$ cat run-v1.cif   # mmCIF, C-alpha atoms (C1' of nucleotides)
data_target
#
loop_
_atom_site.label_atom_id
_atom_site.label_comp_id
_atom_site.auth_asym_id
_atom_site.auth_seq_id
_atom_site.Cartn_x
_atom_site.Cartn_y
_atom_site.Cartn_z
CA MET A 1 83.49 71.06 -134.74
CA ILE A 2 81.61 73.20 -132.26
CA ALA A 3 77.94 73.85 -131.64
CA ILE A 4 76.21 77.12 -132.35
CA GLY A 5 76.67 78.64 -128.90
CA GLN A 6 80.43 78.35 -129.08
CA ALA A 7 80.49 79.41 -132.71
CA ALA A 8 78.53 82.51 -131.80
CA LYS A 9 80.81 83.31 -128.91
CA VAL A 10 84.00 82.83 -130.91
CA SER A 11 82.76 84.81 -133.88
CA ASP A 12 81.22 87.42 -131.60
CA LEU A 13 77.76 87.23 -133.12
CA PRO A 14 74.40 86.56 -131.48
CA VAL A 15 73.24 82.95 -131.73
CA LYS A 16 70.09 84.19 -133.45
CA THR A 17 72.15 85.86 -136.12
CA VAL A 18 74.26 82.78 -136.77
CA ARG A 19 71.11 80.72 -137.12
CA TYR A 20 69.70 83.35 -139.46
CA TYR A 21 72.82 83.26 -141.64
CA ASP A 22 72.32 79.52 -141.93
CA GLU A 23 68.68 79.96 -142.87
CA ILE A 24 69.41 82.42 -145.67
CA GLU A 25 72.33 80.26 -146.76
CA LEU A 26 74.93 82.92 -146.21
CA VAL A 27 77.05 80.86 -143.84
CA LYS A 28 75.95 77.27 -143.42
CA PRO A 29 77.41 74.98 -140.78
CA SER A 30 79.62 72.21 -142.18
CA GLY A 31 77.44 69.57 -140.64
CA ARG A 32 74.86 68.49 -138.12
CA ALA A 33 75.32 66.26 -135.13
CA ALA A 34 73.19 63.16 -134.67
CA ASN A 35 70.93 65.17 -132.38
CA GLY A 36 70.35 67.82 -135.02
CA TYR A 37 72.71 70.42 -133.55
CA ARG A 38 74.51 72.60 -136.06
CA LEU A 39 78.25 71.95 -136.19
CA TYR A 40 80.71 74.65 -137.22
CA ASP A 41 84.33 74.11 -138.15
CA GLU A 42 87.09 76.67 -138.34
CA THR A 43 86.35 77.62 -141.93
CA ASP A 44 82.76 78.37 -140.98
CA ILE A 45 83.93 80.53 -138.12
CA ARG A 46 86.20 82.46 -140.43
CA LYS A 47 83.25 83.15 -142.69
CA LEU A 48 81.13 84.32 -139.78
CA VAL A 49 83.83 86.69 -138.65
CA PHE A 50 84.32 87.87 -142.21
CA VAL A 51 80.63 88.71 -142.48
CA ARG A 52 80.63 90.45 -139.12
CA HIS A 53 83.49 92.67 -140.24
CA ALA A 54 81.82 93.45 -143.52
CA ARG A 55 78.57 94.29 -141.72
CA VAL A 56 80.41 96.79 -139.54
CA PHE A 57 81.23 98.70 -142.71
CA GLY A 58 77.55 98.67 -143.56
CA PHE A 59 77.72 96.23 -146.44
CA SER A 60 74.30 94.66 -147.02
CA LEU A 61 73.94 90.93 -146.61
CA ALA A 62 73.61 90.68 -150.38
CA THR A 63 76.95 92.40 -150.77
CA CYS A 64 78.41 90.30 -147.97
CA ARG A 65 77.47 87.31 -150.06
CA GLU A 66 79.40 88.72 -153.00
CA LEU A 67 82.39 89.53 -150.84
CA LEU A 68 82.29 86.08 -149.30
CA ASP A 69 82.29 84.57 -152.78
CA LEU A 70 85.34 86.63 -153.66
CA TYR A 71 86.96 85.70 -150.36
CA GLU A 72 86.59 82.04 -151.21
CA ASN A 73 87.48 82.37 -154.85
CA PRO A 74 91.22 81.94 -155.37
CA SER A 75 91.00 83.44 -158.84
CA ARG A 76 89.31 86.65 -157.72
CA THR A 77 90.80 89.94 -158.74
CA SER A 78 91.44 92.76 -156.32
CA LYS A 79 89.77 94.97 -158.92
CA GLU A 80 86.40 93.38 -158.16
CA VAL A 81 86.81 93.90 -154.44
CA LYS A 82 87.94 97.46 -154.92
CA GLU A 83 84.92 98.13 -157.10
CA ILE A 84 82.48 96.96 -154.41
CA THR A 85 84.34 99.01 -151.84
CA SER A 86 84.13 102.10 -154.00
CA GLN A 87 80.39 101.71 -154.30
CA ARG A 88 80.03 101.49 -150.55
CA LEU A 89 82.22 104.55 -150.09
CA GLU A 90 80.02 106.43 -152.50
CA GLU A 91 76.91 105.40 -150.55
CA ILE A 92 78.50 106.58 -147.34
CA ARG A 93 79.44 109.89 -148.90
CA GLN A 94 75.93 110.49 -150.14
CA LYS A 95 74.46 109.63 -146.77
CA MET A 96 76.88 111.96 -145.05
CA ASN A 97 75.97 114.80 -147.37
CA GLU A 98 72.32 114.20 -146.74
CA LEU A 99 72.83 114.23 -143.01
CA ARG A 100 74.99 117.32 -143.11
CA HIS A 101 72.26 119.08 -145.02
CA LEU A 102 69.58 118.04 -142.56
CA TYR A 103 71.79 118.94 -139.66
CA ASN A 104 72.37 122.43 -140.91
CA GLU A 105 68.75 123.15 -141.62
CA LEU A 106 67.49 121.64 -138.40
CA SER A 107 70.06 123.32 -136.19
CA HIS A 108 69.23 126.61 -137.88
CA LEU A 109 65.60 126.10 -136.87
CA LYS A 110 66.63 125.12 -133.38
CA ASN A 111 68.74 128.23 -132.98
CA ASN A 112 65.77 130.37 -133.87
CA CYS A 113 63.59 128.70 -131.27
CA HIS A 114 63.40 130.38 -127.89
CA GLY A 115 62.75 127.12 -126.10
CA ASP A 116 60.68 128.74 -123.41
CA ALA A 117 57.18 128.26 -121.99
CA ARG A 118 55.41 130.03 -124.84
CA PRO A 119 53.78 128.09 -127.66
CA ASN A 120 55.27 130.14 -130.46
CA CYS A 121 57.85 128.02 -132.21
CA PRO A 122 59.62 128.47 -135.56
CA ILE A 123 60.30 124.75 -135.79
CA ILE A 124 56.61 123.91 -135.70
CA ASP A 125 55.90 126.79 -138.04
CA PHE A 126 58.37 125.44 -140.53
CA LEU A 127 56.99 121.92 -140.42
CA ALA A 128 53.47 123.28 -140.78
CA GLU A 129 54.39 125.33 -143.83
CA THR A 130 51.94 124.72 -146.66
CA LYS A 131 52.78 127.52 -149.08
CA GLU A 132 53.90 124.93 -151.62
CA CYS A 133 50.54 123.22 -151.84
CA ILE A 134 47.67 125.01 -150.14
CA ALA A 135 46.58 128.52 -150.86
CA PRO A 136 46.47 130.52 -147.62
CA MET B 1 36.33 117.41 -148.51
CA ILE B 2 38.43 115.53 -151.03
CA ALA B 3 39.09 111.85 -151.64
CA ILE B 4 42.39 110.17 -151.01
CA GLY B 5 43.81 110.60 -154.49
CA GLN B 6 43.48 114.37 -154.36
CA ALA B 7 44.65 114.46 -150.76
CA ALA B 8 47.74 112.52 -151.74
CA LYS B 9 48.44 114.80 -154.67
CA VAL B 10 47.99 117.98 -152.68
CA SER B 11 50.08 116.78 -149.76
CA ASP B 12 52.65 115.26 -152.10
CA LEU B 13 52.52 111.82 -150.55
CA PRO B 14 51.81 108.45 -152.16
CA VAL B 15 48.23 107.26 -151.79
CA LYS B 16 49.51 104.14 -150.09
CA THR B 17 51.27 106.22 -147.48
CA VAL B 18 48.19 108.31 -146.75
CA ARG B 19 46.19 105.13 -146.30
CA TYR B 20 48.91 103.78 -144.06
CA TYR B 21 48.84 106.91 -141.89
CA ASP B 22 45.12 106.37 -141.47
CA GLU B 23 45.62 102.75 -140.54
CA ILE B 24 48.16 103.55 -137.82
CA GLU B 25 45.99 106.44 -136.69
CA LEU B 26 48.60 109.07 -137.32
CA VAL B 27 46.46 111.16 -139.65
CA LYS B 28 42.89 110.01 -139.97
CA PRO B 29 40.48 111.42 -142.54
CA SER B 30 37.76 113.61 -141.08
CA GLY B 31 35.10 111.40 -142.52
CA ARG B 32 33.95 108.79 -144.96
CA ALA B 33 31.61 109.20 -147.89
CA ALA B 34 28.52 107.03 -148.18
CA ASN B 35 30.43 104.73 -150.51
CA GLY B 36 33.21 104.23 -147.99
CA TYR B 37 35.71 106.61 -149.57
CA ARG B 38 37.98 108.46 -147.16
CA LEU B 39 37.32 112.19 -147.03
CA TYR B 40 40.04 114.68 -146.12
CA ASP B 41 39.49 118.30 -145.20
CA GLU B 42 42.03 121.08 -145.12
CA THR B 43 43.10 120.37 -141.56
CA ASP B 44 43.85 116.79 -142.49
CA ILE B 45 45.92 117.96 -145.43
CA ARG B 46 47.87 120.26 -143.16
CA LYS B 47 48.66 117.34 -140.91
CA LEU B 48 49.77 115.21 -143.84
CA VAL B 49 52.10 117.93 -145.04
CA PHE B 50 53.36 118.46 -141.51
CA VAL B 51 54.25 114.79 -141.23
CA ARG B 52 55.89 114.76 -144.62
CA HIS B 53 58.10 117.66 -143.60
CA ALA B 54 59.00 116.02 -140.30
CA ARG B 55 59.83 112.78 -142.11
CA VAL B 56 62.26 114.61 -144.34
CA PHE B 57 64.23 115.48 -141.23
CA GLY B 58 64.26 111.82 -140.33
CA PHE B 59 61.86 111.99 -137.40
CA SER B 60 60.37 108.55 -136.76
CA LEU B 61 56.63 108.17 -137.08
CA ALA B 62 56.45 107.86 -133.30
CA THR B 63 58.16 111.23 -132.98
CA CYS B 64 55.98 112.64 -135.75
CA ARG B 65 53.05 111.68 -133.59
CA GLU B 66 54.50 113.65 -130.68
CA LEU B 67 55.23 116.63 -132.91
CA LEU B 68 51.75 116.47 -134.35
CA ASP B 69 50.32 116.49 -130.84
CA LEU B 70 52.37 119.56 -130.04
CA TYR B 71 51.35 121.13 -133.33
CA GLU B 72 47.72 120.72 -132.41
CA ASN B 73 48.11 121.66 -128.77
CA PRO B 74 47.66 125.42 -128.30
CA SER B 75 49.22 125.26 -124.85
CA ARG B 76 52.42 123.60 -126.02
CA THR B 77 55.73 125.14 -125.10
CA SER B 78 58.49 125.76 -127.60
CA LYS B 79 60.76 124.14 -125.02
CA GLU B 80 59.19 120.75 -125.71
CA VAL B 81 59.62 121.13 -129.44
CA LYS B 82 63.19 122.31 -129.06
CA GLU B 83 63.93 119.31 -126.85
CA ILE B 84 62.73 116.84 -129.47
CA THR B 85 64.68 118.69 -132.12
CA SER B 86 67.83 118.54 -130.01
CA GLN B 87 67.49 114.80 -129.67
CA ARG B 88 67.19 114.40 -133.41
CA LEU B 89 70.19 116.62 -133.95
CA GLU B 90 72.17 114.48 -131.56
CA GLU B 91 71.13 111.34 -133.44
CA ILE B 92 72.23 112.91 -136.70
CA ARG B 93 75.56 113.91 -135.20
CA GLN B 94 76.22 110.43 -133.93
CA LYS B 95 75.33 108.92 -137.26
CA MET B 96 77.60 111.34 -139.04
CA ASN B 97 80.50 110.52 -136.76
CA GLU B 98 79.92 106.84 -137.32
CA LEU B 99 79.89 107.30 -141.06
CA ARG B 100 82.96 109.51 -141.04
CA HIS B 101 84.79 106.84 -139.11
CA LEU B 102 83.74 104.10 -141.50
CA TYR B 103 84.59 106.26 -144.45
CA ASN B 104 88.11 106.92 -143.26
CA GLU B 105 88.85 103.31 -142.48
CA LEU B 106 87.33 101.98 -145.66
CA SER B 107 88.96 104.51 -147.95
CA HIS B 108 92.28 103.75 -146.29
CA LEU B 109 91.80 100.09 -147.20
CA LYS B 110 90.78 101.04 -150.70
CA ASN B 111 93.87 103.16 -151.19
CA ASN B 112 96.04 100.23 -150.25
CA CYS B 113 94.36 97.97 -152.77
CA HIS B 114 96.00 97.72 -156.15
CA GLY B 115 92.74 97.02 -157.91
CA ASP B 116 94.33 94.89 -160.56
CA ALA B 117 93.87 91.37 -161.89
CA ARG B 118 95.71 89.65 -159.06
CA PRO B 119 93.80 88.08 -156.16
CA ASN B 120 95.89 89.63 -153.40
CA CYS B 121 93.76 92.25 -151.68
CA PRO B 122 94.22 94.10 -148.39
CA ILE B 123 90.49 94.73 -148.13
CA ILE B 124 89.70 91.04 -148.15
CA ASP B 125 92.61 90.42 -145.82
CA PHE B 126 91.26 92.93 -143.35
CA LEU B 127 87.75 91.50 -143.41
CA ALA B 128 89.14 88.00 -142.98
CA GLU B 129 91.22 89.03 -139.98
CA THR B 130 90.67 86.63 -137.07
CA LYS B 131 93.47 87.55 -134.70
CA GLU B 132 90.89 88.71 -132.19
CA CYS B 133 89.20 85.35 -131.87
CA ILE B 134 91.00 82.45 -133.49
CA ALA B 135 94.53 81.37 -132.75
CA PRO B 136 96.53 81.19 -136.00
"C1'" DG C 1 69.57 58.34 -109.85
"C1'" DT C 2 67.26 62.43 -110.04
"C1'" DT C 3 66.69 66.92 -110.97
"C1'" DA C 4 67.70 71.51 -112.37
"C1'" DA C 5 70.00 74.49 -115.52
"C1'" DA C 6 71.73 75.45 -119.81
"C1'" DG C 7 71.90 74.64 -124.58
"C1'" DT C 8 69.69 73.46 -128.86
"C1'" DC C 9 65.93 72.74 -132.20
"C1'" DT C 10 61.88 74.59 -135.16
"C1'" DC C 11 58.23 77.71 -135.90
"C1'" DC C 12 55.83 82.06 -135.41
"C1'" DT C 13 55.48 86.94 -134.50
"C1'" DG C 14 57.11 91.67 -134.42
"C1'" DT C 15 60.04 95.48 -135.68
"C1'" DT C 16 60.00 100.29 -139.37
"C1'" DG C 17 57.74 102.49 -143.01
"C1'" DC C 18 56.08 101.66 -146.28
"C1'" DT C 19 55.19 99.33 -151.48
"C1'" DG C 20 53.03 96.20 -154.63
"C1'" DG C 21 49.35 93.33 -155.97
"C1'" DA C 22 44.80 90.82 -156.03
"C1'" DA C 23 39.90 90.94 -155.97
"C1'" DG C 24 36.20 93.70 -155.88
"C1'" DG C 25 32.93 98.05 -155.56
"C1'" DT C 26 31.98 102.89 -157.66
"C1'" DC C 27 31.68 106.64 -160.71
"C1'" DA C 28 31.84 109.60 -164.88
"C1'" DA C 29 32.32 109.78 -169.73
"C1'" DC C 30 31.36 108.17 -174.29
"C1'" DG D 1 26.97 99.34 -171.68
"C1'" DT D 2 31.34 99.40 -171.20
"C1'" DT D 3 35.81 101.25 -170.61
"C1'" DG D 4 38.92 103.42 -167.51
"C1'" DA D 5 40.04 105.79 -163.46
"C1'" DC D 6 39.12 105.86 -158.91
"C1'" DC D 7 38.32 103.72 -154.44
"C1'" DT D 8 37.97 99.76 -150.91
"C1'" DT D 9 40.03 95.77 -148.07
"C1'" DC D 10 43.32 92.26 -147.26
"C1'" DC D 11 47.72 89.87 -147.87
"C1'" DA D 12 52.71 89.50 -148.95
"C1'" DG D 13 57.18 91.24 -148.85
"C1'" DC D 14 61.57 94.18 -148.09
"C1'" DA D 15 66.22 94.20 -144.32
"C1'" DA D 16 68.21 92.02 -140.76
"C1'" DC D 17 67.37 90.34 -137.33
"C1'" DA D 18 65.09 89.78 -132.00
"C1'" DG D 19 61.95 87.61 -128.87
"C1'" DG D 20 59.42 83.90 -127.30
"C1'" DA D 21 56.84 79.32 -127.24
"C1'" DG D 22 57.19 74.47 -126.85
"C1'" DA D 23 59.96 70.51 -127.14
"C1'" DC D 24 64.23 68.04 -127.00
"C1'" DT D 25 69.04 66.96 -125.22
"C1'" DT D 26 73.07 67.46 -122.62
"C1'" DT D 27 75.61 68.58 -118.61
"C1'" DA D 28 76.36 69.43 -113.74
"C1'" DA D 29 75.27 69.13 -109.14
"C1'" DC D 30 73.59 66.66 -105.28
#

$ encode --input "run-v1.cif" --output "C-alpha cells"
Amino acid sequence: MIAIGQAAKVSDLPVKTVRYYDEIELVKPSGRAANGYRLYDETDIRKLVFVRHARVFGFSLATCRELLDLYENPSRTSKEVKEITSQRLEEIRQKMNELRHLYNELSHLKNNCHGDARPNCPIIDFLAETKECIAP
Amino acid sequence: MIAIGQAAKVSDLPVKTVRYYDEIELVKPSGRAANGYRLYDETDIRKLVFVRHARVFGFSLATCRELLDLYENPSRTSKEVKEITSQRLEEIRQKMNELRHLYNELSHLKNNCHGDARPNCPIIDFLAETKECIAP
DNA sequence: GTTAAAGTCTCCTGTTGCTGGAAGGTCAAC
DNA sequence: GTTGACCTTCCAGCAACAGGAGACTTTAAC
C-alpha cells in the first residue's frame, strides 16, 4: 500500500489527477491510513494505468468507466469492448474529416494571401463575408 | 438598430452566444434602448458574422479577438493575418497527425479482437498493460 | 531536539465556450 | 387585461483537470 505521490509516479499520472479520479469515483484508493492519507494497492495502480492508456486514445472518462467495468468483469464479452472501440474509431474518423476539410479551405485562403505590408487580405475578406445574411 | 433576437437570427448565432460575446467584450452592442435592451447596428452584425466564420475554422475566441482587431484596423498588414492563419494550420496539422496515429493503433487492436461472446480481448489486454511500470 | 523540506489533506477558483434555467421586466396583440 | 413572445440579470453546469491557500504530518538533516 503506497501513498498518492508514489501511486502517481508509478502510474505516471499527476497527483491532482489521481485525486480527481478518487473524487469522481473512477478509481478509489483501497484504503486510508490513520492520518487520512489515501492508500493504493497494486490493483488500484493497474486501474490507474488502465485509465491513462484509455485516455491516450481519447476515450472520455465516462467511457473509461465502462471500459474499467468490462476490465474487471470476468464475464465480459470481447464484443462489448469491440463495440466501444468502433464508436471511438468512428468519432476519430469524423474529426479527421472535419479537420481535413478545414485544412483545405484555410490553406487555400492562405495561399491566396500575399502576406505583405498591405492591408488587402483575402482571408479577412472571406471571414467578413456577409452575402448569406446581409444585403450589400 | 435591432434587438438581440433579430441580431442573433441575422448573424446565425444563438442569442445566448451573442449575449456571451457582449459579456466578454468581444462584440458589444452599439447601444442600449431605454428599457435596457441591447441594440445592434449593421457593423455589430458584421462583427458577429466575422466571429462565427472564424470560429468555424477553430480559431479560439482569443484569436478571434486578434482577427477582429485586424479586421477593424485599416493599417493592418496581410502578413499579420497570414501569420495567424499559418499557426492555426499548424495546429490542425498536428491534431490530424495525432488522430491518424491513434486511429491506426486503435484499429489495429480492433482488428485483432474477435468480438465474440468470450471475455478474452486484446484491446483490454493492451489497455491493462503495465510492463512499463509494474514488475509482473 | 529542532527545524526545514517534502508530502498530504480539503476546499475553492479558474480554464473554454458556451447552454440551460429561474425570476423578473417589457411590449404588442387580442 | 391577459396571454405570449421578447428581453434583462444572475447562477449552475459541462469536461477534465490545474493551481493555490491553509493546515496537518512525516521525514531528513544538523

$ resolve_selection --input "run-v1.cif" --expression "the PyMOL selection byres ((chain B) within 9 of (chain D))" --output "ChimeraX atom specification"
/B:3-5,35-38

$ residues_around --input "run-v1.cif" --residues "A:Val27" --least-positions-apart "3" --cutoff "9 Å" --atoms "all atoms listed in the file" --output "list in words"
Val18, Arg19, Tyr20, Tyr21, Asp22, Glu23, Ile24, Asp44, Ile45, Lys47, Leu48, Val51 and Arg65 of chain A

$ residues_near_point --input "run-v1.cif" --point "(58.9, 99.0, -131.9)" --cutoff "12 Å" --atoms "all atoms listed in the file" --output "PDB file with C-alpha atoms (C1' of nucleotides), in the frame of the given file"
ATOM      1  CA  SER B  60      60.370 108.550-136.760  1.00  0.00           C
ATOM      2  CA  LEU B  61      56.630 108.170-137.080  1.00  0.00           C
ATOM      3  CA  ALA B  62      56.450 107.860-133.300  1.00  0.00           C
TER       4      ALA B  62
ATOM      5  C1'  DG C  14      57.110  91.670-134.420  1.00  0.00           C
ATOM      6  C1'  DT C  15      60.040  95.480-135.680  1.00  0.00           C
ATOM      7  C1'  DT C  16      60.000 100.290-139.370  1.00  0.00           C
ATOM      8  C1'  DG C  17      57.740 102.490-143.010  1.00  0.00           C
TER       9       DG C  17
ATOM     10  C1'  DA D  18      65.090  89.780-132.000  1.00  0.00           C
TER      11       DA D  18
END

$ resolve_selection --input "run-v1.cif" --expression "the PyMOL selection byres ((chain C) within 10 of (chain B))" --output "JSON, numbers by chain"
{"C": [16, 17, 18, 19, 20, 25, 26]}

$ resolve_selection --input "run-v1.cif" --expression "the PyMOL selection byres ((chain A) within 8 of (chain B))" --output "PyMOL selection string"
chain A and resi 10-11+46-47+49-51+53-54+57+67+71+74-83+85-86+89+92-93+96+99-100+102-103+106-107+110+113-121+123-124+127-130+133-134

$ atom_distance --input "run-v1.cif" --atom1 "atom CA of A:Leu26" --atom2 "atom CA of A:Cys64"
8.3 Å

$ atom_distance --input "run-v1.cif" --atom1 "atom CA of B:Met1" --atom2 "atom CA of B:Val15"
16.0 Å

$ atom_distance --input "run-v1.cif" --atom1 "atom CA of B:Leu13" --atom2 "atom CA of B:Ser30"
17.6 Å

$ calpha_fit_and_write --input "run-v1.cif" --fixed "chain B" --moving "chain A" --output "short mmCIF file (atom, residue, chain, number, x, y, z; two decimals) with C-alpha atoms, in the coordinates of the input"
data_model
loop_
_atom_site.label_atom_id
_atom_site.label_comp_id
_atom_site.auth_asym_id
_atom_site.auth_seq_id
_atom_site.Cartn_x
_atom_site.Cartn_y
_atom_site.Cartn_z
CA MET A 1 36.43 117.33 -148.65
CA ILE A 2 38.55 115.43 -151.13
CA ALA A 3 39.23 111.76 -151.71
CA ILE A 4 42.53 110.07 -151.03
CA GLY A 5 43.99 110.49 -154.51
CA GLN A 6 43.66 114.25 -154.39
CA ALA A 7 44.78 114.38 -150.78
CA ALA A 8 47.89 112.44 -151.71
CA LYS A 9 48.61 114.68 -154.65
CA VAL A 10 48.13 117.90 -152.70
CA SER A 11 50.17 116.73 -149.74
CA ASP A 12 52.76 115.18 -152.04
CA LEU A 13 52.64 111.75 -150.46
CA PRO A 14 51.98 108.35 -152.04
CA VAL A 15 48.38 107.16 -151.70
CA LYS A 16 49.69 104.05 -149.95
CA THR A 17 51.38 106.17 -147.35
CA VAL A 18 48.29 108.26 -146.68
CA ARG A 19 46.27 105.09 -146.24
CA TYR A 20 48.96 103.75 -143.92
CA TYR A 21 48.87 106.91 -141.79
CA ASP A 22 45.15 106.37 -141.43
CA GLU A 23 45.64 102.75 -140.43
CA ILE A 24 48.15 103.56 -137.69
CA GLU A 25 45.97 106.47 -136.61
CA LEU A 26 48.59 109.09 -137.25
CA VAL A 27 46.47 111.15 -139.62
CA LYS A 28 42.88 110.00 -139.96
CA PRO A 29 40.53 111.39 -142.58
CA SER A 30 37.76 113.59 -141.17
CA GLY A 31 35.12 111.36 -142.62
CA ARG A 32 34.02 108.73 -145.08
CA ALA A 33 31.73 109.11 -148.04
CA ALA A 34 28.65 106.94 -148.40
CA ASN A 35 30.65 104.66 -150.69
CA GLY A 36 33.35 104.16 -148.09
CA TYR A 37 35.89 106.52 -149.65
CA ARG A 38 38.10 108.39 -147.21
CA LEU A 39 37.41 112.12 -147.13
CA TYR A 40 40.10 114.63 -146.19
CA ASP A 41 39.54 118.26 -145.31
CA GLU A 42 42.07 121.05 -145.21
CA THR A 43 43.09 120.38 -141.63
CA ASP A 44 43.86 116.78 -142.53
CA ILE A 45 45.96 117.93 -145.45
CA ARG A 46 47.90 120.26 -143.21
CA LYS A 47 48.67 117.35 -140.91
CA LEU A 48 49.81 115.20 -143.81
CA VAL A 49 52.13 117.90 -145.03
CA PHE A 50 53.36 118.47 -141.50
CA VAL A 51 54.25 114.79 -141.18
CA ARG A 52 55.93 114.75 -144.57
CA HIS A 53 58.14 117.65 -143.54
CA ALA A 54 58.99 116.05 -140.25
CA ARG A 55 59.84 112.78 -142.01
CA VAL A 56 62.28 114.61 -144.26
CA PHE A 57 64.24 115.50 -141.14
CA GLY A 58 64.26 111.84 -140.23
CA PHE A 59 61.87 112.03 -137.31
CA SER A 60 60.35 108.60 -136.64
CA LEU A 61 56.62 108.19 -136.98
CA ALA A 62 56.44 107.93 -133.20
CA THR A 63 58.13 111.29 -132.90
CA CYS A 64 55.96 112.68 -135.68
CA ARG A 65 53.02 111.74 -133.53
CA GLU A 66 54.46 113.74 -130.64
CA LEU A 67 55.20 116.70 -132.87
CA LEU A 68 51.72 116.54 -134.34
CA ASP A 69 50.28 116.58 -130.84
CA LEU A 70 52.32 119.66 -130.04
CA TYR A 71 51.31 121.22 -133.35
CA GLU A 72 47.67 120.82 -132.43
CA ASN A 73 48.06 121.78 -128.81
CA PRO A 74 47.59 125.52 -128.35
CA SER A 75 49.16 125.37 -124.90
CA ARG A 76 52.36 123.70 -126.05
CA THR A 77 55.66 125.24 -125.12
CA SER A 78 58.42 125.87 -127.60
CA LYS A 79 60.70 124.27 -125.01
CA GLU A 80 59.13 120.87 -125.69
CA VAL A 81 59.58 121.23 -129.42
CA LYS A 82 63.14 122.40 -129.02
CA GLU A 83 63.88 119.43 -126.81
CA ILE A 84 62.69 116.93 -129.43
CA THR A 85 64.67 118.77 -132.07
CA SER A 86 67.80 118.63 -129.96
CA GLN A 87 67.46 114.89 -129.59
CA ARG A 88 67.18 114.47 -133.33
CA LEU A 89 70.20 116.68 -133.88
CA GLU A 90 72.15 114.54 -131.47
CA GLU A 91 71.12 111.39 -133.35
CA ILE A 92 72.23 112.94 -136.61
CA ARG A 93 75.55 113.94 -135.12
CA GLN A 94 76.22 110.46 -133.84
CA LYS A 95 75.31 108.92 -137.17
CA MET A 96 77.58 111.34 -138.97
CA ASN A 97 80.47 110.50 -136.68
CA GLU A 98 79.90 106.83 -137.24
CA LEU A 99 79.86 107.28 -140.98
CA ARG A 100 82.93 109.47 -140.97
CA HIS A 101 84.75 106.80 -139.05
CA LEU A 102 83.70 104.06 -141.45
CA TYR A 103 84.52 106.24 -144.40
CA ASN A 104 88.03 106.87 -143.22
CA GLU A 105 88.80 103.28 -142.46
CA LEU A 106 87.25 101.94 -145.63
CA SER A 107 88.86 104.50 -147.92
CA HIS A 108 92.19 103.73 -146.27
CA LEU A 109 91.70 100.08 -147.21
CA LYS A 110 90.65 101.04 -150.70
CA ASN A 111 93.73 103.18 -151.19
CA ASN A 112 95.92 100.24 -150.29
CA CYS A 113 94.22 98.00 -152.82
CA HIS A 114 95.85 97.77 -156.23
CA GLY A 115 92.56 97.06 -157.95
CA ASP A 116 94.16 94.96 -160.63
CA ALA A 117 93.69 91.43 -161.99
CA ARG A 118 95.53 89.73 -159.14
CA PRO A 119 93.66 88.13 -156.26
CA ASN A 120 95.74 89.69 -153.52
CA CYS A 121 93.63 92.27 -151.78
CA PRO A 122 94.12 94.10 -148.47
CA ILE A 123 90.39 94.75 -148.18
CA ILE A 124 89.59 91.05 -148.19
CA ASP A 125 92.52 90.41 -145.89
CA PHE A 126 91.19 92.90 -143.42
CA LEU A 127 87.68 91.48 -143.45
CA ALA A 128 89.09 87.99 -143.05
CA GLU A 129 91.18 88.98 -140.05
CA THR A 130 90.65 86.57 -137.17
CA LYS A 131 93.48 87.48 -134.82
CA GLU A 132 90.93 88.62 -132.25
CA CYS A 133 89.26 85.24 -131.95
CA ILE A 134 91.05 82.36 -133.63
CA ALA A 135 94.58 81.32 -132.95
CA PRO A 136 96.53 81.18 -136.23
#
